[in-house]
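File shown here: data04.txt, holding compact mmCIF, C-alpha atoms.
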```
# COMPACT_ATOMS: atom_id res chain seq x y z
CA MET V 386 17.90 51.30 57.53
CA ARG V 387 17.91 49.10 54.46
CA THR V 388 20.78 46.63 54.07
CA PRO V 389 22.24 46.54 50.54
CA LYS V 390 21.19 43.50 48.54
CA VAL V 391 23.76 41.06 47.22
CA GLY V 392 25.07 42.19 43.86
CA SER V 393 23.49 45.64 44.15
CA GLY V 394 25.13 48.92 43.24
CA SER V 395 25.28 49.70 46.97
CA THR V 396 27.49 46.66 47.52
CA LYS V 397 29.97 47.82 44.90
CA PHE V 398 29.86 51.30 46.40
CA ILE V 399 30.77 49.96 49.84
CA LEU V 400 33.65 47.95 48.39
CA MET V 401 35.05 50.93 46.53
CA LEU V 402 34.54 53.19 49.52
CA LEU V 403 36.67 50.95 51.69
CA SER V 404 39.31 50.46 49.00
CA ALA V 405 39.64 54.15 48.22
CA GLY V 406 39.53 55.18 51.85
CA LEU V 407 42.31 52.80 52.76
CA CYS V 408 44.46 53.60 49.77
CA MET V 409 45.03 57.22 50.57
CA VAL V 410 46.39 56.66 54.02
CA LEU V 411 50.01 57.67 54.20
CA ALA V 412 52.51 59.33 51.92
CA PRO V 413 56.24 59.62 52.56
CA ALA V 414 58.04 62.92 52.16
CA VAL V 415 61.69 63.75 51.72
CA ALA V 416 63.35 63.63 55.11
CA SER V 417 65.00 66.77 56.38
CA ALA V 418 68.57 66.52 57.54
CA ALA V 419 67.95 68.95 60.35
CA LYS V 420 66.26 67.76 63.52
CA THR V 421 63.07 69.56 64.42
CA LYS V 422 61.12 69.78 67.64
CA GLN V 423 57.78 69.58 65.87
CA ILE V 424 56.45 67.82 62.81
CA THR V 425 53.71 69.40 60.72
CA ILE V 426 51.20 66.90 59.36
CA ARG V 427 48.82 67.98 56.63
CA GLY V 428 46.01 66.19 54.92
CA THR V 429 42.38 66.16 53.90
CA VAL V 430 39.10 64.91 55.34
CA SER V 431 36.41 63.97 52.88
CA GLU V 432 33.33 61.83 52.38
CA TYR V 433 33.64 59.31 49.63
CA GLN V 434 30.18 59.40 48.17
CA THR V 435 30.40 57.65 44.83
CA LEU V 436 32.79 56.27 42.26
CA VAL V 437 30.77 57.31 39.24
CA PRO V 438 33.30 58.58 36.65
CA GLY V 439 33.70 62.32 36.96
CA ALA V 440 32.08 62.52 40.40
CA LYS V 441 33.64 64.86 42.93
CA SER V 442 34.44 64.05 46.53
CA LYS V 443 32.75 65.99 49.30
CA TYR V 444 35.40 67.58 51.51
CA LEU V 445 34.33 68.01 55.12
CA ALA V 446 34.87 71.57 56.32
CA GLY V 447 35.13 71.76 60.10
CA ALA V 448 36.01 68.08 60.59
CA LYS V 449 38.09 67.58 63.71
CA VAL V 450 41.49 65.88 63.53
CA TRP V 451 43.22 65.10 66.80
CA VAL V 452 45.84 62.92 68.49
CA ALA V 453 44.38 60.05 70.52
CA GLU V 454 47.31 60.01 72.95
CA ARG V 455 47.14 63.79 73.43
CA PRO V 456 43.56 65.04 72.93
CA SER V 457 44.68 68.61 73.56
CA LEU V 458 46.47 68.45 70.19
CA PHE V 459 43.73 69.00 67.64
CA THR V 460 42.75 71.07 64.66
CA LYS V 461 39.83 71.50 62.30
CA ALA V 462 39.72 71.20 58.54
CA ASN V 463 39.27 74.45 56.65
CA SER V 464 36.56 75.20 54.10
CA ALA V 465 38.35 72.99 51.56
CA GLY V 466 38.58 70.06 53.98
CA VAL V 467 42.34 70.54 54.48
CA PHE V 468 43.89 70.29 57.94
CA THR V 469 47.29 71.19 59.40
CA LEU V 470 48.43 69.79 62.74
CA LYS V 471 51.73 70.21 64.57
CA VAL V 472 52.85 67.32 66.75
CA PRO V 473 55.98 66.68 68.84
CA ALA V 474 58.80 65.14 66.84
CA SER V 475 59.47 61.45 67.60
CA ALA V 476 56.26 61.10 69.63
CA LYS V 477 54.10 58.03 68.99
CA ILE V 478 50.78 59.27 67.71
CA THR V 479 47.44 57.92 66.54
CA LEU V 480 45.61 60.44 64.38
CA VAL V 481 41.81 60.50 64.55
CA ALA V 482 39.29 62.18 62.28
CA GLU V 483 35.61 62.75 63.02
CA ALA V 484 32.65 64.80 61.84
CA VAL V 485 28.99 64.93 62.80
CA GLY V 486 27.05 62.19 61.01
CA TYR V 487 30.16 60.22 60.05
CA LEU V 488 32.03 57.21 61.39
CA ARG V 489 35.08 58.14 63.45
CA ILE V 490 38.25 56.81 61.83
CA TYR V 491 41.59 56.08 63.50
CA ALA V 492 44.93 55.90 61.70
CA PRO V 493 47.61 53.34 62.55
CA THR V 494 49.91 54.34 65.41
CA ARG V 495 53.34 55.51 64.32
CA ARG V 496 56.18 57.78 65.35
CA ALA V 497 56.08 61.37 64.15
CA ASP V 498 59.11 61.93 61.93
CA PRO V 499 59.90 63.91 58.78
CA LYS V 500 58.55 61.04 56.64
CA TYR V 501 55.11 61.29 58.22
CA ARG V 502 53.77 64.46 56.62
CA TRP V 503 50.48 63.51 54.97
CA ARG V 504 47.27 61.71 55.93
CA ALA V 505 44.09 61.61 53.84
CA PHE V 506 40.98 60.59 55.78
CA ILE V 507 37.85 59.47 53.95
CA LEU V 508 34.94 59.09 56.34
CA PRO V 509 31.91 56.91 55.60
CA THR V 510 28.56 58.21 56.74
CA LEU V 511 27.02 56.43 59.72
CA GLU V 512 24.49 54.85 57.37
CA VAL V 513 27.19 53.35 55.17
CA GLY V 514 29.17 52.24 58.23
CA ARG V 515 26.13 50.41 59.57
CA ALA V 516 25.53 48.77 56.21
CA VAL V 517 29.12 47.48 56.09
CA SER V 518 28.75 46.18 59.65
CA ALA V 519 25.56 44.33 58.71
CA LEU V 520 27.23 42.72 55.70
CA ALA V 521 30.31 41.61 57.65
CA GLY V 522 28.53 40.65 60.87
CA ILE V 523 30.36 43.27 62.94
CA PRO V 524 28.69 44.01 66.31
CA LEU V 525 28.07 47.71 66.89
CA ASN V 526 27.83 49.66 70.13
CA ALA V 527 24.54 50.68 71.70
CA ALA V 528 24.40 53.86 69.63
CA ASN V 529 25.14 51.98 66.36
CA ALA V 530 27.87 54.55 65.77
CA ALA V 531 31.04 52.44 66.24
CA PRO V 532 32.17 48.80 66.38
CA LYS V 533 31.60 47.25 69.81
CA GLU V 534 35.16 45.94 69.86
CA CYS V 535 38.19 47.01 67.86
CA LEU V 536 37.94 46.62 64.09
CA VAL V 537 40.95 46.90 61.81
CA SER V 538 40.73 47.06 58.04
CA SER V 539 43.93 46.22 56.20
CA LEU V 540 44.56 46.90 52.53
CA PRO V 541 47.60 45.52 50.65
CA ALA V 542 48.18 48.26 48.07
CA ASP V 543 50.28 48.12 44.91
CA ARG V 544 52.28 51.16 45.95
CA ILE V 545 52.80 53.66 48.76
CA ILE V 546 50.58 56.61 48.03
CA ARG V 547 51.98 60.10 47.65
CA PRO V 548 50.03 63.29 48.38
CA MET V 549 47.47 63.94 45.66
CA THR V 550 45.39 66.91 44.63
CA PRO V 551 41.59 66.67 45.00
CA ALA V 552 41.31 66.14 41.23
CA GLN V 553 43.77 63.24 41.37
CA VAL V 554 41.93 61.75 44.34
CA ASP V 555 38.60 61.89 42.53
CA ALA V 556 40.02 60.27 39.40
CA HIS V 557 41.85 57.53 41.29
CA GLY V 558 40.80 53.88 41.52
CA PRO V 559 41.53 51.24 44.14
CA TYR V 560 45.05 49.86 44.59
CA GLY V 561 44.13 46.44 46.00
CA VAL V 562 46.54 43.56 45.34
CA PRO V 563 44.96 40.09 44.98
CA GLY V 564 46.44 36.86 46.33
CA VAL V 565 47.88 38.45 49.48
CA GLU V 566 47.68 36.74 52.87
CA LEU V 567 47.08 39.28 55.62
CA ARG V 568 48.36 38.52 59.11
CA VAL V 569 48.19 39.98 62.59
CA SER V 570 50.29 39.45 65.70
CA GLY V 571 49.38 40.69 69.17
CA PRO V 572 47.19 39.94 72.19
CA THR V 573 44.41 38.40 70.05
CA VAL V 574 45.20 36.48 66.89
CA VAL V 575 42.26 36.27 64.50
CA LYS V 576 41.99 35.39 60.83
CA PRO V 577 40.91 38.18 58.49
CA LEU V 578 37.57 38.17 56.75
CA TYR V 579 38.34 38.94 53.12
CA LEU V 580 36.02 40.79 50.80
CA ALA V 581 35.20 39.09 47.51
CA ASP V 582 35.32 40.88 44.16
CA SER V 583 31.59 41.46 44.58
CA GLY V 584 32.26 43.51 47.71
CA LEU V 585 30.67 40.95 50.02
CA PRO V 586 32.53 39.23 52.87
CA ASP V 587 33.40 35.62 52.03
CA ALA V 588 34.48 33.35 54.90
CA ASN V 589 35.85 30.79 52.41
CA LEU V 590 38.51 33.14 51.01
CA LYS V 591 42.09 32.51 52.15
CA SER V 592 43.69 35.59 50.58
CA SER V 593 42.79 38.99 49.18
CA THR V 594 40.89 39.52 45.97
CA THR V 595 41.04 42.56 43.71
CA ALA V 596 39.16 44.30 46.51
CA GLY V 597 42.37 43.89 48.49
CA ILE V 598 40.67 44.23 51.85
CA GLY V 599 40.77 42.07 54.95
CA LEU V 600 38.75 42.84 58.08
CA PHE V 601 40.11 41.84 61.48
CA ILE V 602 37.04 41.69 63.71
CA GLY V 603 36.77 41.57 67.50
CA LEU V 604 40.34 42.41 68.50
CA LYS V 605 40.87 42.91 72.21
CA ALA V 606 42.63 45.98 73.59
CA GLY V 607 46.36 46.09 72.92
CA THR V 608 49.02 46.78 70.30
CA TYR V 609 49.02 44.78 67.07
CA LYS V 610 51.29 44.47 64.07
CA PHE V 611 49.73 43.88 60.65
CA THR V 612 51.69 42.37 57.77
CA ALA V 613 51.04 41.13 54.24
CA VAL V 614 52.61 38.12 52.53
CA LYS V 615 52.75 37.17 48.85
CA ALA V 616 55.46 35.19 47.05
CA GLY V 617 57.80 37.48 45.15
CA SER V 618 56.50 40.66 46.78
CA LYS V 619 57.34 42.73 49.83
CA PHE V 620 54.94 44.93 51.77
CA GLU V 621 55.38 47.43 54.56
CA SER V 622 53.68 46.71 57.89
CA PHE V 623 51.71 48.91 60.24
CA ILE V 624 51.00 49.09 63.96
CA ALA V 625 47.49 49.55 65.35
CA THR V 626 46.57 50.40 68.93
CA CYS V 627 43.27 48.68 69.63
CA LYS V 628 40.67 49.79 72.13
CA PRO V 629 36.92 49.03 72.23
CA GLY V 630 35.02 51.12 69.69
CA ARG V 631 37.93 51.93 67.41
CA PHE V 632 37.73 51.49 63.64
CA ILE V 633 41.30 51.60 62.35
CA GLU V 634 42.13 51.81 58.65
CA GLY V 635 45.61 50.73 57.69
CA ILE V 636 47.56 50.00 54.53
CA THR V 637 50.38 47.58 53.80
CA GLY V 638 51.94 49.28 50.80
CA GLN V 639 53.91 47.20 48.31
CA LEU V 640 57.60 48.10 48.42
```
Translate this file's structure into structure tokens.
Amino acid sequence: MRTPKVGSGSTKFILMLLSAGLCMVLAPAVASAAKTKQITIRGTVSEYQTLVPGAKSKYLAGAKVWVAERPSLFTKANSAGVFTLKVPASAKITLVAEAVGYLRIYAPTRRADPKYRWRAFILPTLEVGRAVSALAGIPLNAANAAPKECLVSSLPADRIIRPMTPAQVDAHGPYGVPGVELRVSGPTVVKPLYLADSGLPDANLKSSTTAGIGLFIGLKAGTYKFTAVKAGSKFESFIATCKPGRFIEGITGQL
């Protein structure tokens, strides 16, 4: 497989893929006053192929979405790439999306409540995933299909994303906020590797660029909390449950 050259269109594509994929993570909904025994989570699974103006996303019919803590709870996306999954109310869940030929993506772990009603997964192809790993120096497993250890990608976004139609998704740009310091607390404390505006990892960066992305590489198994800090701004945090081989995409939305 060819590794994208510095400054190439492929590099920009990888940057935008990560930004867009992380942006459309979670959308709040109006909470119901009545308590329910189950929460219905809906969302989409798609492949982000290109950010050429006017290009359409490829929605992945048949993609599997399941709960890591309860594998028996699963569903498959319909012909339009839309999934519906019922989960126990108040249960802590980690949603997972996968499709043949694509990198498996984990969502942050959170409690199922009426505010957690939407999740948009955007899966990179295995080829793109391997290219990103080569650029960032991320060790892969023997099959080159997942990170060897836990990898968490955190994006400080300029707002919390609401559910969007496919047309709105396709027309949308990245939400990355520059000048944000990303932090992690948990069993292993590592500094993030920020992506430069060019889309390439830059070990000299101390905060986010317009790419907005920080990669936390080589986290050991355990539960981690990810936060974002910038003077004059407040961001939500997220919790990630790390295990070897997991690629977790999270967002710290600006409040």
Of the listed residues V:Ile602, V:Val450, V:Leu590, V:Leu458, that which approaches Glu534 (chain V) most closely, counting all atoms listed in the file: V:Ile602
Proximity of region 512-603 of chain V to region 479-489 of chain V: per-residue shortest pair, 9 Å limit, only C-alpha atoms, as CSV:
```
residue,atom,partner,partner_atom,distance
V:Glu512,CA,V:Tyr487,CA,8.3
V:Val513,CA,V:Leu488,CA,8.8
V:Gly514,CA,V:Leu488,CA,6.5
V:Ala530,CA,V:Leu488,CA,6.6
V:Ala531,CA,V:Leu488,CA,6.9
```
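With all atoms listed in the file as the atoms that count, the minimum distance from Phe620 (chain V) to the choices V:Ala596, V:Ala606, V:Val569, V:Leu540 is reached by V:Leu540.
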So that all listed atoms of region 602-615 of chain V fit with 5 Å spare on each side, what axis-aligned box centre and edge lengths in Å, to one decimal, would you give as JSON?
```
{"center_x": 44.8, "center_y": 42.0, "center_z": 61.2, "size_x": 26.0, "size_y": 19.6, "size_z": 34.7}
```
Point-to-point distance from CA of Val565 (chain V) to CA of Lys615 (chain V), Å rounded to tenths: 5.1 Å
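The spacing separating CA of Gln639 (chain V) from CA of Thr595 (chain V) amounts to 14.4 Å.
Between Leu604 (chain V) and the residues V:Leu580, V:Ile624, V:Ile523, V:Val537, the shortest atom-to-atom distance, using all atoms listed in the file, involves V:Val537.
Taking CA of Gly561 (chain V) and CA of Thr637 (chain V) as endpoints, the distance between them is 10.1 Å.
Near (49.7, 38.4, 43.1), the residues that fall inside 12 Å on the basis of only C-alpha atoms are Pro541, Ala542, Asp543, Gly561, Val562, Pro563, Gly564, Val565, Glu566, Ser592, Ser593, Thr594, Thr595, Gly597, Ala613, Val614, Lys615, Ala616, Gly617, Ser618, Lys619 and Gln639 of chain V.
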